[in-house]
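A.B. asks: Contents are TSV, C-alpha atoms; file name target.tsv:
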chain	number	residue	atom	x	y	z
A	1	MET	CA	0.00	0.00	0.00
A	2	ALA	CA	1.37	3.43	-0.93
A	3	ALA	CA	2.22	5.78	1.91
A	4	ILE	CA	-0.23	8.60	2.52
A	5	ARG	CA	1.40	11.87	1.57
A	6	THR	CA	1.18	14.67	4.14
A	7	PRO	CA	0.47	17.97	2.37
A	8	ALA	CA	3.32	20.41	2.74
A	9	PRO	CA	4.07	23.83	1.24
A	10	ARG	CA	7.44	24.26	-0.42
A	11	ARG	CA	7.94	27.78	0.89
A	12	VAL	CA	7.16	29.37	4.25
A	13	LEU	CA	7.11	33.18	4.50
A	14	LEU	CA	7.15	34.96	7.84
A	15	ALA	CA	5.60	38.40	8.20
A	16	SER	CA	7.76	41.05	9.79
A	17	PRO	CA	6.73	42.74	11.98
A	18	ARG	CA	4.56	40.23	13.81
A	19	GLY	CA	3.77	39.17	17.38
A	20	TYR	CA	4.21	41.14	20.58
A	21	CYS	CA	3.74	44.88	20.48
A	22	ALA	CA	5.22	47.24	23.05
A	23	GLY	CA	1.97	47.46	25.03
A	24	VAL	CA	1.60	43.69	25.31
A	25	ASP	CA	5.24	43.22	26.25
A	26	ARG	CA	4.85	45.86	28.96
A	27	ALA	CA	1.66	44.30	30.34
A	28	VAL	CA	3.06	40.77	30.49
A	29	GLN	CA	6.23	42.04	32.15
A	30	ALA	CA	4.08	43.94	34.65
A	31	VAL	CA	2.52	40.70	35.89
A	32	GLU	CA	5.87	38.89	35.92
A	33	GLN	CA	7.53	41.70	37.88
A	34	ALA	CA	4.58	41.95	40.28
A	35	LEU	CA	4.97	38.25	41.05
A	36	GLU	CA	8.68	38.79	41.68
A	37	LEU	CA	8.07	41.82	43.91
A	38	HIS	CA	5.11	40.58	45.92
A	39	GLY	CA	5.12	36.83	45.43
A	40	PRO	CA	2.02	34.87	44.47
A	41	PRO	CA	-0.82	35.30	44.35
A	42	VAL	CA	-1.08	38.41	42.22
A	43	TYR	CA	-4.58	39.07	40.90
A	44	VAL	CA	-5.21	40.19	37.32
A	45	ARG	CA	-8.49	41.77	36.24
A	46	LYS	CA	-9.58	40.06	33.00
A	47	GLU	CA	-6.97	38.50	30.72
A	48	ILE	CA	-3.81	40.60	30.86
A	49	VAL	CA	-3.67	40.25	27.06
A	50	HIS	CA	-5.92	38.23	24.75
A	51	ASN	CA	-3.83	35.09	24.37
A	52	LYS	CA	-4.63	31.85	26.12
A	53	HIS	CA	-1.01	30.63	26.14
A	54	VAL	CA	0.20	33.79	27.88
A	55	VAL	CA	-2.61	33.59	30.42
A	56	ALA	CA	-1.96	29.90	31.11
A	57	ASP	CA	1.75	30.54	31.65
A	58	LEU	CA	1.13	33.40	34.08
A	59	ARG	CA	-1.51	31.37	35.91
A	60	GLN	CA	1.05	28.61	36.39
A	61	ARG	CA	3.44	31.16	37.91
A	62	GLY	CA	0.86	32.29	40.47
A	63	ALA	CA	-1.36	34.88	38.79
A	64	ILE	CA	-5.08	34.62	39.55
A	65	PHE	CA	-7.36	35.96	36.83
A	66	VAL	CA	-10.72	37.42	37.85
A	67	ASP	CA	-13.56	39.00	35.90
A	68	GLN	CA	-14.06	41.96	38.22
A	69	GLU	CA	-11.98	43.89	40.72
A	70	THR	CA	-14.70	43.23	43.32
A	71	GLU	CA	-13.59	39.56	43.35
A	72	VAL	CA	-10.11	40.50	44.63
A	73	PRO	CA	-9.70	40.15	48.42
A	74	GLU	CA	-9.28	43.48	50.18
A	75	GLY	CA	-5.74	44.78	50.36
A	76	GLU	CA	-4.33	42.43	47.69
A	77	VAL	CA	-2.31	43.28	44.58
A	78	VAL	CA	-4.27	43.55	41.34
A	79	VAL	CA	-3.00	44.26	37.82
A	80	PHE	CA	-5.29	45.98	35.31
A	81	SER	CA	-5.01	44.57	31.81
A	82	ALA	CA	-3.50	46.19	28.73
A	83	HIS	CA	-7.00	46.97	27.42
A	84	GLY	CA	-7.70	49.63	30.04
A	85	VAL	CA	-10.48	50.05	32.59
A	86	ALA	CA	-13.22	52.56	33.33
A	87	PRO	CA	-12.91	55.09	36.17
A	88	THR	CA	-15.47	53.09	38.17
A	89	VAL	CA	-12.98	50.21	38.30
A	90	HIS	CA	-10.34	52.46	39.86
A	91	ALA	CA	-12.94	53.71	42.35
A	92	ASN	CA	-13.91	50.15	43.32
A	93	ALA	CA	-10.24	49.25	43.77
A	94	ARG	CA	-9.69	52.23	46.08
A	95	ALA	CA	-12.75	51.29	48.12
A	96	ARG	CA	-11.34	47.79	48.61
A	97	ARG	CA	-7.87	49.18	49.41
A	98	LEU	CA	-6.35	47.16	46.59
A	99	ARG	CA	-2.76	47.71	45.61
A	100	THR	CA	-3.20	48.42	41.94
A	101	ILE	CA	-0.76	48.12	39.04
A	102	ASP	CA	-2.15	49.73	35.92
A	103	ALA	CA	-0.82	47.92	32.85
A	104	THR	CA	-3.08	49.78	30.42
A	105	CYS	CA	-1.29	50.26	27.11
A	106	PRO	CA	-0.20	53.92	26.81
A	107	LEU	CA	-1.87	54.06	23.41
A	108	VAL	CA	-5.19	53.04	24.98
A	109	THR	CA	-4.65	55.65	27.68
A	110	LYS	CA	-4.31	58.21	24.87
A	111	VAL	CA	-7.83	57.32	23.69
A	112	HIS	CA	-9.18	57.63	27.26
A	113	VAL	CA	-7.67	61.10	27.52
A	114	GLU	CA	-9.30	62.08	24.22
A	115	ALA	CA	-12.68	60.82	25.44
A	116	ARG	CA	-12.43	62.91	28.60
A	117	ARG	CA	-11.32	65.99	26.67
A	118	PHE	CA	-14.12	65.79	24.12
A	119	ALA	CA	-16.68	65.16	26.87
A	120	GLU	CA	-15.50	68.20	28.82
A	121	GLN	CA	-15.91	70.29	25.65
A	122	GLY	CA	-19.52	69.15	25.24
A	123	TYR	CA	-19.16	66.87	22.22
A	124	THR	CA	-21.16	63.77	21.42
A	125	ILE	CA	-18.38	61.21	21.06
A	126	VAL	CA	-18.68	58.56	18.37
A	127	LEU	CA	-16.53	55.59	19.34
A	128	VAL	CA	-15.65	53.29	16.45
A	129	GLY	CA	-15.14	49.84	17.93
A	130	HIS	CA	-16.49	46.39	18.69
A	131	GLU	CA	-19.30	46.03	21.18
A	132	GLY	CA	-18.31	44.06	24.27
A	133	HIS	CA	-14.56	44.43	23.77
A	134	GLU	CA	-12.81	45.32	27.04
A	135	GLU	CA	-11.07	48.30	25.47
A	136	VAL	CA	-14.41	49.71	24.30
A	137	GLU	CA	-15.94	49.18	27.75
A	138	GLY	CA	-13.06	51.02	29.42
A	139	THR	CA	-13.12	53.92	26.97
A	140	THR	CA	-16.90	54.27	27.16
A	141	GLY	CA	-16.62	54.40	30.94
A	142	GLU	CA	-14.70	57.67	30.68
A	143	ALA	CA	-17.85	59.47	29.46
A	144	PRO	CA	-20.77	57.02	29.43
A	145	ASP	CA	-23.41	59.71	28.88
A	146	ARG	CA	-21.66	61.11	25.82
A	147	VAL	CA	-20.23	58.08	24.01
A	148	VAL	CA	-22.14	56.29	21.24
A	149	LEU	CA	-20.68	53.17	19.62
A	150	VAL	CA	-20.62	52.48	15.89
A	151	GLN	CA	-19.23	49.31	14.31
A	152	THR	CA	-20.05	49.72	10.60
A	153	VAL	CA	-20.79	52.29	7.93
A	154	ASP	CA	-24.45	51.29	8.24
A	155	ASP	CA	-24.34	52.22	11.93
A	156	VAL	CA	-23.16	55.68	10.91
A	157	ASP	CA	-26.08	56.03	8.49
A	158	ARG	CA	-28.52	55.26	11.32
A	159	LEU	CA	-26.80	57.51	13.84
A	160	GLU	CA	-28.78	60.33	15.45
A	161	VAL	CA	-27.05	62.90	17.68
A	162	PRO	CA	-28.40	65.86	19.70
A	163	ASP	CA	-26.28	68.43	17.86
A	164	PRO	CA	-24.77	67.48	14.46
A	165	GLY	CA	-22.44	70.46	14.74
A	166	LYS	CA	-20.89	69.16	17.97
A	167	VAL	CA	-19.61	65.67	17.19
A	168	ALA	CA	-16.20	64.07	17.78
A	169	TYR	CA	-14.88	60.61	16.98
A	170	ILE	CA	-12.34	58.28	18.55
A	171	THR	CA	-11.53	54.65	17.78
A	172	GLN	CA	-10.54	51.38	19.35
A	173	THR	CA	-6.81	50.78	18.82
A	174	THR	CA	-7.02	47.31	17.24
A	175	LEU	CA	-9.38	47.79	14.27
A	176	SER	CA	-9.00	47.15	10.56
A	177	VAL	CA	-7.25	50.21	9.15
A	178	ASP	CA	-9.20	50.13	5.88
A	179	GLU	CA	-12.62	49.50	7.44
A	180	THR	CA	-12.08	52.23	10.00
A	181	ALA	CA	-11.04	54.70	7.30
A	182	ALA	CA	-14.32	53.98	5.49
A	183	ILE	CA	-16.34	54.53	8.67
A	184	ILE	CA	-14.56	57.80	9.44
A	185	ALA	CA	-15.06	58.96	5.85
A	186	ARG	CA	-18.80	58.35	6.21
A	187	LEU	CA	-18.83	60.19	9.55
A	188	ARG	CA	-17.23	63.19	7.85
A	189	GLU	CA	-19.88	63.09	5.12
A	190	ARG	CA	-22.74	63.00	7.60
A	191	PHE	CA	-21.21	65.45	10.07
A	192	PRO	CA	-18.97	67.92	8.21
A	193	ALA	CA	-18.02	69.71	11.44
A	194	ILE	CA	-16.85	66.52	13.15
A	195	VAL	CA	-13.52	66.63	14.99
A	196	GLY	CA	-11.16	63.80	15.78
A	197	PRO	CA	-7.89	62.96	17.52
A	198	LYS	CA	-4.70	64.78	16.52
A	199	SER	CA	-3.20	61.44	15.47
A	200	ASP	CA	-4.75	58.10	14.59
A	201	ASP	CA	-6.05	56.00	17.48
A	202	ILE	CA	-5.36	52.70	15.73
A	203	CYS	CA	-2.03	51.70	17.21
A	204	TYR	CA	1.23	51.48	15.27
A	205	ALA	CA	1.44	47.71	15.81
A	206	THR	CA	-2.05	47.03	14.46
A	207	THR	CA	-1.29	49.16	11.40
A	208	ASN	CA	2.13	47.61	10.80
A	209	ARG	CA	0.90	44.02	11.15
A	210	GLN	CA	-1.87	44.70	8.66
A	211	ILE	CA	0.65	46.16	6.21
A	212	ALA	CA	2.80	43.05	6.64
A	213	VAL	CA	-0.09	40.60	6.21
A	214	LYS	CA	-1.10	42.34	2.97
A	215	GLU	CA	2.37	41.57	1.60
A	216	LEU	CA	2.03	37.95	2.73
A	217	ALA	CA	-1.37	37.63	1.06
A	218	ARG	CA	0.10	38.83	-2.25
A	219	GLU	CA	2.87	36.22	-2.09
A	220	CYS	CA	1.12	33.21	-0.53
A	221	ASP	CA	-1.76	30.85	-1.25
A	222	LEU	CA	-2.53	30.51	2.47
A	223	VAL	CA	-1.96	32.84	5.42
A	224	LEU	CA	-2.02	31.42	8.94
A	225	VAL	CA	-2.47	33.89	11.80
A	226	ILE	CA	-1.41	32.77	15.26
A	227	GLY	CA	-3.65	34.27	17.93
A	228	SER	CA	-6.54	33.50	20.23
A	229	VAL	CA	-10.16	33.79	19.11
A	230	ASN	CA	-10.83	36.77	21.41
A	231	SER	CA	-7.90	38.77	20.04
A	232	SER	CA	-9.31	41.64	18.02
A	233	ASN	CA	-6.12	42.48	16.17
A	234	SER	CA	-5.53	38.81	15.26
A	235	ASN	CA	-9.02	38.47	13.78
A	236	ARG	CA	-8.45	41.62	11.74
A	237	LEU	CA	-5.30	40.07	10.23
A	238	VAL	CA	-7.33	37.10	8.98
A	239	GLU	CA	-9.89	39.47	7.46
A	240	VAL	CA	-7.23	41.57	5.75
A	241	ALA	CA	-5.59	38.49	4.19
A	242	ARG	CA	-8.93	37.19	2.92
A	243	GLU	CA	-9.82	40.57	1.43
A	244	LEU	CA	-6.73	40.29	-0.75
A	245	GLY	CA	-7.79	36.87	-2.00
A	246	ALA	CA	-5.66	34.55	0.13
A	247	ALA	CA	-7.14	31.72	2.16
A	248	SER	CA	-6.55	32.50	5.83
A	249	HIS	CA	-7.21	30.91	9.20
A	250	LEU	CA	-6.74	31.90	12.85
A	251	ILE	CA	-4.98	29.25	14.93
A	252	ASP	CA	-3.80	29.08	18.51
A	253	ASN	CA	-0.84	26.84	17.72
A	254	ALA	CA	0.66	24.39	15.22
A	255	SER	CA	-1.61	21.54	16.29
A	256	GLN	CA	-4.64	23.28	14.77
A	257	VAL	CA	-3.34	23.26	11.18
A	258	ARG	CA	-5.54	21.04	8.99
A	259	ASP	CA	-4.16	18.99	6.13
A	260	GLU	CA	-6.99	20.05	3.80
A	261	TRP	CA	-5.89	23.68	4.12
A	262	LEU	CA	-2.54	22.74	2.58
A	263	ASP	CA	-3.75	20.84	-0.49
A	264	GLY	CA	-2.24	22.52	-3.53
A	265	VAL	CA	-0.53	25.19	-1.44
A	266	GLU	CA	2.88	26.15	-2.75
A	267	ALA	CA	3.62	28.99	-0.31
A	268	VAL	CA	2.20	29.50	3.19
A	269	GLY	CA	2.51	32.78	5.07
A	270	ILE	CA	2.72	32.99	8.85
A	271	THR	CA	2.05	35.96	11.06
A	272	SER	CA	0.94	36.42	14.65
A	273	GLY	CA	-1.25	38.85	16.51
A	274	ALA	CA	0.16	41.47	18.85
A	275	SER	CA	-0.46	39.31	21.93
A	276	ALA	CA	0.98	36.02	20.58
A	277	PRO	CA	4.42	34.92	21.78
A	278	GLU	CA	7.14	34.24	19.20
A	279	SER	CA	7.60	30.68	20.53
A	280	LEU	CA	4.30	29.73	18.86
A	281	VAL	CA	5.61	30.96	15.50
A	282	GLU	CA	8.81	28.97	15.97
A	283	GLU	CA	6.82	25.81	16.71
A	284	LEU	CA	4.71	26.28	13.57
A	285	VAL	CA	7.78	26.85	11.38
A	286	GLU	CA	9.38	23.71	12.78
A	287	ALA	CA	6.19	21.75	12.05
A	288	PHE	CA	6.36	22.84	8.40
A	289	ARG	CA	10.07	21.94	8.22
A	290	GLU	CA	9.19	18.46	9.46
A	291	ARG	CA	6.55	18.21	6.74
A	292	GLY	CA	9.24	18.95	4.17
A	293	ALA	CA	9.15	22.71	3.59
A	294	GLU	CA	12.29	23.63	1.65
A	295	GLU	CA	12.50	27.40	2.16
A	296	VAL	CA	11.74	29.61	5.15
A	297	PHE	CA	12.33	33.31	4.93
A	298	GLU	CA	11.13	36.59	6.38
A	299	LEU	CA	9.21	39.24	4.47
A	300	GLN	CA	10.29	42.54	6.04
A	301	THR	CA	7.93	45.49	5.55
A	302	VAL	CA	8.25	47.91	8.48
A	303	GLU	CA	10.91	48.39	11.16
A	304	GLU	CA	9.60	48.72	14.72
A	305	ASP	CA	11.53	50.17	17.64
A	306	VAL	CA	8.76	51.24	20.04
A	307	ARG	CA	9.29	50.53	23.74
A	308	PHE	CA	7.22	51.52	26.77
A	309	MET	CA	8.42	51.86	30.35
A	310	LEU	CA	6.96	49.52	32.93
A	311	PRO	CA	3.99	50.86	34.95
A	312	LYS	CA	4.99	53.47	37.48
A	313	GLU	CA	3.88	51.26	40.40
A	314	ILE	CA	6.42	48.60	39.36
A	315	ARG	CA	9.20	51.13	38.85
A	316	ALA	CA	8.49	52.76	42.22
A	317	ALA	CA	8.50	49.39	44.01
A	318	PHE	CA	11.86	48.42	42.51
A	319	ALA	CA	13.30	51.83	43.37
A	320	ALA	CA	12.13	51.48	46.97
A	321	ARG	CA	13.61	47.98	47.25
A	322	ALA	CA	16.91	49.19	45.82
Could you render the structure from this file as structure tokens?
C.D. replies:
Amino acid sequence: MAAIRTPAPRRVLLASPRGYCAGVDRAVQAVEQALELHGPPVYVRKEIVHNKHVVADLRQRGAIFVDQETEVPEGEVVVFSAHGVAPTVHANARARRLRTIDATCPLVTKVHVEARRFAEQGYTIVLVGHEGHEEVEGTTGEAPDRVVLVQTVDDVDRLEVPDPGKVAYITQTTLSVDETAAIIARLRERFPAIVGPKSDDICYATTNRQIAVKELARECDLVLVIGSVNSSNSNRLVEVARELGAASHLIDNASQVRDEWLDGVEAVGITSGASAPESLVEELVEAFRERGAEEVFELQTVEEDVRFMLPKEIRAAFAARA
């Protein structure tokens, strides 16, 4: 009987940049350093970043993940996730005398500041984002009486505001660049006096990874995106690849690759969302090498050199210990 051939691409292309962004790296380090400073347990409100492998690793080290700050025992250490939290969460933490470490990505904090500023100036604030996402919940919490959420161009067409001459927009940081541009363009058509942030809210890493995945999609028959199902930026990468005509799938790790995806595939592209560790990419590349892939190379599009300092609570604690 003839051996069953395992489908394998001849070429593997790696997107660059890919994987961890500065905000994710900072947030993960915040939990690791909190565990070193205070010892376990350290509580984390929500997932520190949207990746199940990262969460599982930190849980093994002694982090306890909770849905709400009210679940944290009084006086304990709690880390707020990279996605940001509403002011009510900070208030609840103070009431419970929690020792807080705020690992909110600085680029999310920028959006929070914009929301407060526009609210203070009396604007209706149109937030472009995904309903239920933690980042959207935190941003909305800055001005709940003034923020309205839109997710599509159709939402903009249905939008009614008290004063069409007093409208501002802000966006979630992990959206599709092209889709968001279309939504903002429609907002400008409907509300010519609309104002927005001085610089784009979509973060540099989201933008750069979408640029990189577009290059992959042009070169590859199949694009695999490593990331968890609740990762907004990872899902957007799949969508971007598909829009350019490439087959694309979101996977958590190499074990989820299906043979039928690889039938007739000459070149497979690999990228990873901003909260996916590089080790998962390495494991997937090795799996393709074992299948018989002959070439593996990187497709460089954008250089990244962004770094963020650790949260001030961590820096202060290390300074005091020193």
A.B. asks: Report, in Å with one decimal, the straight-line distance from atom CA of Lys166 of chain A to atom CA of Arg116 of chain A.
C.D. replies: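 Going from atom CA of Lys166 of chain A over to atom CA of Arg116 of chain A, I get 15.0 Å.
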A.B. asks: Quick one: of A:Pro311, A:Asp252, A:Leu14, A:Asp25, who's nearest to Val79 of chain A, counting only C-alpha atoms?
C.D. replies: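 Looking at the shortest contact to Val79 of chain A, the residue is A:Pro311.
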A.B. asks: Pick out the closest residue to Ala267 of chain A from this set: A:Glu160, A:Glu303, A:Asp221, A:Asp200. Count all atoms listed in the file.
C.D. replies: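 Of A:Glu160, A:Glu303, A:Asp221, A:Asp200, the one nearest Ala267 of chain A, counting all atoms listed in the file, is A:Asp221.
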A.B. asks: What gap, in Å, lies between atom CA of Ser16 of chain A and atom CA of Gln300 of chain A?
C.D. replies: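 Atom CA of Ser16 of chain A sits 4.8 Å away from atom CA of Gln300 of chain A.
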A.B. asks: When distances are computed from all atoms listed in the file, which of A:Arg209, A:Arg99, A:Arg11, A:His90 shows the smallest separation from Glu304 of chain A?
C.D. replies: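 With all atoms listed in the file as the atom set, the closest residue is A:Arg209.
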A.B. asks: Check which residues of segment 194-306 of chain A sit at most 10 Å from segment 54-77 of chain A using only C-alpha atoms, and return one row each with the closest pair of atoms and their distance in Å to one decimal, ordered by chain and rising number, as a tab-separated table.
C.D. replies:
residue	atom	partner	partner_atom	distance
A:Ser275	CA	A:Val54	CA	8.1
A:Ala276	CA	A:Val54	CA	7.7
A:Pro277	CA	A:Val54	CA	7.5
A.B. asks: Just want the 12 Å neighbourhood of Met309 of chain A, counted on all atoms listed in the file, with same-chain residues fewer than 4 positions away dropped. Output as a ChimeraX atom specification.
C.D. replies: /A:22-27,29-30,103-106,313-316
A.B. asks: What's the 9 Å shell around Val195 of chain A, counting all atoms listed in the file, without same-chain residues fewer than 6 positions away, as number ranges by chain?
C.D. replies: A: 166-169, 188
A.B. asks: Filtering to C-alpha atoms, could you give me those residues as a short mmCIF file (atom, residue, chain, number, x, y, z; two decimals), in the frame of the given file?
C.D. replies:
data_model
loop_
_atom_site.label_atom_id
_atom_site.label_comp_id
_atom_site.auth_asym_id
_atom_site.auth_seq_id
_atom_site.Cartn_x
_atom_site.Cartn_y
_atom_site.Cartn_z
CA LYS A 166 -20.89 69.16 17.97
CA VAL A 167 -19.61 65.67 17.19
CA ALA A 168 -16.20 64.07 17.78
CA TYR A 169 -14.88 60.61 16.98
CA ARG A 188 -17.23 63.19 7.85
#
A.B. asks: Please measure the separation of atom CA of Asn230 of chain A and atom CA of Ile270 of chain A, giving the value in Å to one decimal.
C.D. replies: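 Between atom CA of Asn230 of chain A and atom CA of Ile270 of chain A the gap is 18.9 Å.
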A.B. asks: (5.4, 18.2, 9.4) in this file's frame - what residues fall within 12 Å of it? Use all atoms listed in the file and give the answer as a PyMOL selection string.
C.D. replies: chain A and resi 5-10+254-255+257-259+262+283-294
A.B. asks: List the neighbours of Glu120 of chain A out to 12 Å using only C-alpha atoms; skip same-chain residues closer than 4 positions along the sequence, and give me the result as a list in words.
C.D. replies: Val113, Glu114, Ala115, Arg116, Thr124, Ile125, Glu142, Ala143, Asp145, Arg146 and Ala168 of chain A
A.B. asks: Taking all atoms listed in the file into account, name the residue in A:Val85, A:Val147, A:Val265, A:Ala246 that is nearest to Ile48 of chain A.
C.D. replies: A:Val85
A.B. asks: Rank nothing, just name the residue among A:Ala15, A:Val28, A:Ile184, A:Ala317 nearest to Ile211 of chain A, using all atoms listed in the file.
C.D. replies: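 Closest residue, counting all atoms listed in the file: A:Ala15.
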A.B. asks: If you count all atoms listed in the file, which residues fall within 7 Å of Val238 of chain A, apart from same-chain ones fewer than 5 positions away, as a short mmCIF file (atom, residue, chain, number, x, y, z; two decimals) with C-alpha atoms, in the frame of the given file?
C.D. replies:
data_model
loop_
_atom_site.label_atom_id
_atom_site.label_comp_id
_atom_site.auth_asym_id
_atom_site.auth_seq_id
_atom_site.Cartn_x
_atom_site.Cartn_y
_atom_site.Cartn_z
CA VAL A 225 -2.47 33.89 11.80
CA SER A 248 -6.55 32.50 5.83
CA HIS A 249 -7.21 30.91 9.20
CA LEU A 250 -6.74 31.90 12.85
#
A.B. asks: Using only C-alpha atoms, find the one residue out of A:Ile251, A:Val302, A:Lys110, A:Leu280 that sits nearest to Ile202 of chain A.
C.D. replies: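 The closest residue to Ile202 of chain A is A:Lys110.
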A.B. asks: Extract, using only C-alpha atoms, all DNA, RNA and protein residues at most 8 Å from Val213 of chain A, discarding same-chain residues fewer than 6 positions from it, and format them as a tab-separated table (two decimals) with C-alpha atoms, in the coordinates of the input.
C.D. replies:
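Output file around_16.tsv follows:
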chain	number	residue	atom	x	y	z
A	15	ALA	CA	5.60	38.40	8.20
A	237	LEU	CA	-5.30	40.07	10.23
A	240	VAL	CA	-7.23	41.57	5.75
A	241	ALA	CA	-5.59	38.49	4.19
A	271	THR	CA	2.05	35.96	11.06
A.B. asks: Would you place a box with edges along x, y and z of the file around all atoms of segment 268-278 of chain A listed there, add 5 Å to each of its six sides, and report the centre and edge lengths in Å to one decimal, as JSON?
C.D. replies:
{"center_x": 2.9, "center_y": 35.5, "center_z": 12.6, "size_x": 18.4, "size_y": 22.0, "size_z": 28.7}
